[in-house]
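Notes to accompany the following structure.
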Amino acid sequence: MTTDCLFCNMVSGEMAVEKLHDDDLCFAIRDINPRAPVHLLVIPKIHIATMRDVQEEHGPLLGRMTAVANRLAEAEGISERGYRLTFNVGDEGGQTVYHIHLHVLGGRQLGAEG
Ligand code: AMP
Ligand code: ZN
């Protein structure tokens with residue numbers, strides 16, 4: 001955990017945020033700047049700066065994050081119609097917060113670039 005990281009500050013409680021889901025490995029919030037009618041973020045509790053840093057040992061964490069994303073998509077009513085799960089990686093990948101997070105986007109027809 002690093003104190004200058006937005007998402008670590010949400011984990012520690014230093015920054016208050018409404019959580020849609022919270023377990024031992026990850027939590028989920030609504031994106032503050034939604035690009036679709038449903039735009040959620042599933043965020044691990046451990047600090048991993050980018051998906052480039054992910055190793056095989058992180059498999060259970062990524063599995064949990066994906067299962068949580070799928071459950072939330074169901075709860076938001078977008079599961080049947082379809083949705084997008086995205087990790088942005090690095091600057092040209094569109095990453096702005098350097099603590100990995102899984103975007104859950106849906107509720108409208110998404111184009112090739114979102
Ligand atoms: P990325 O650009 O892939 O790193 O995604 C970072 C996301 O975090 C963006 O979609 C932002 O809108 C979102 N975001 C930034 N600050 C907050 C915040 N305080 N609460 C919720 N979402 C945030
Ligand atoms: Zn962090």
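Residues are referred to by chain and number: the chain letter is A, B, ... according to the order shown in the structure tokens, the number counts from 1 in that chain, and ligands are numbered separately from 1 in the order shown.
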Could you tell me, counting only C-alpha atoms and all ligand atoms, which protein and nucleic acid residues lie no more than 9 Å from ligand 1, written as a VMD selection string? chain A and resid 6 to 7 10 15 17 29 to 35 39 to 41 86 to 91 93 to 103
Can you list every residue of chain A that has an atom at most 8 Å from ligand 2, with its nearest atom pair and the distance in Å to one decimal, using only C-alpha atoms and all ligand atoms, ordered by chain then number, as a tab-separated table?
residue	atom	partner	partner_atom_place_in_ligand_line	distance
A:Met1	CA	ligand 2	1 (Zn)	5.5
A:Thr2	CA	ligand 2	1 (Zn)	5.6
A:Thr3	CA	ligand 2	1 (Zn)	7.7
A:Asp4	CA	ligand 2	1 (Zn)	7.8
A:Cys5	CA	ligand 2	1 (Zn)	4.6
A:Leu6	CA	ligand 2	1 (Zn)	6.4
A:Phe7	CA	ligand 2	1 (Zn)	5.0
A:Cys8	CA	ligand 2	1 (Zn)	3.9
A:Asn9	CA	ligand 2	1 (Zn)	7.3
A:Lys45	CA	ligand 2	1 (Zn)	7.8
A:Ile46	CA	ligand 2	1 (Zn)	6.8
A:His47	CA	ligand 2	1 (Zn)	4.1
A:Ile48	CA	ligand 2	1 (Zn)	6.6
A:Ala49	CA	ligand 2	1 (Zn)	6.9
A:Tyr98	CA	ligand 2	1 (Zn)	7.1
A:His99	CA	ligand 2	1 (Zn)	4.7
A:Ile100	CA	ligand 2	1 (Zn)	7.9
Note to self: When DSSP is applied to the backbone of this structure, which of range 55-92 of chain A are assigned strand (DSSP E or B)? Write them out as an MDAnalysis selection string.
What the structure shows: chainID A and resid 83:86
Name the residues of chain A that come out as helix (DSSP H, G or I) in a backbone DSSP run; write them as a PyMOL selection string. chain A and resi 6-12+51-53+56-75
Could you list, as a PDB file with C-alpha atoms, in the first residue's frame, every residue within 12 Å of Arg71 in chain A, counting only C-alpha atoms and ignoring same-chain residues fewer than 5 positions away?
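After the write, out.pdb holds the following:
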ATOM      1  CA  LEU A  20     -20.844  -1.813  -4.203  1.00  0.00           C
ATOM      2  CA  HIS A  21     -18.845  -4.849  -3.141  1.00  0.00           C
ATOM      3  CA  ALA A  28     -15.954  -2.276  -6.347  1.00  0.00           C
ATOM      4  CA  LEU A  40     -17.896   0.223 -12.390  1.00  0.00           C
ATOM      5  CA  VAL A  42     -13.272  -3.646  -9.489  1.00  0.00           C
ATOM      6  CA  ARG A  64     -12.083 -13.218  -7.929  1.00  0.00           C
ATOM      7  CA  MET A  65     -12.122  -9.800  -9.646  1.00  0.00           C
ATOM      8  CA  THR A  66     -13.663 -11.317 -12.772  1.00  0.00           C
ATOM      9  CA  GLU A  76     -26.919  -3.952 -12.750  1.00  0.00           C
ATOM     10  CA  GLY A  77     -29.083  -5.713 -15.347  1.00  0.00           C
ATOM     11  CA  ILE A  78     -26.523  -5.694 -18.189  1.00  0.00           C
ATOM     12  CA  SER A  79     -25.392  -9.314 -18.087  1.00  0.00           C
ATOM     13  CA  GLU A  80     -27.661 -10.699 -20.817  1.00  0.00           C
ATOM     14  CA  VAL A 104     -17.061  -2.933 -16.135  1.00  0.00           C
TER      15      VAL A 104
END
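The protein and nucleic acid residues lying at most 7 Å from Phe27 in chain A are Lys19, His21, Asp22, Asp23, Val42, Ile43 and Pro44 of chain A, with only C-alpha atoms considered and sequence neighbours fewer than 3 positions away removed.
From CA of Arg108 in chain A back to CA of Leu61 in chain A, the distance works out to 28.3 Å.
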Students should find that CA of Tyr83 in chain A and CA of Pro37 in chain A are spaced 10.9 Å
The residue from A:Ala67, A:Leu25, A:Ala36, A:Leu72 with the smallest atom-to-atom distance to Gly111 in chain A, counting only C-alpha atoms, is A:Ala36
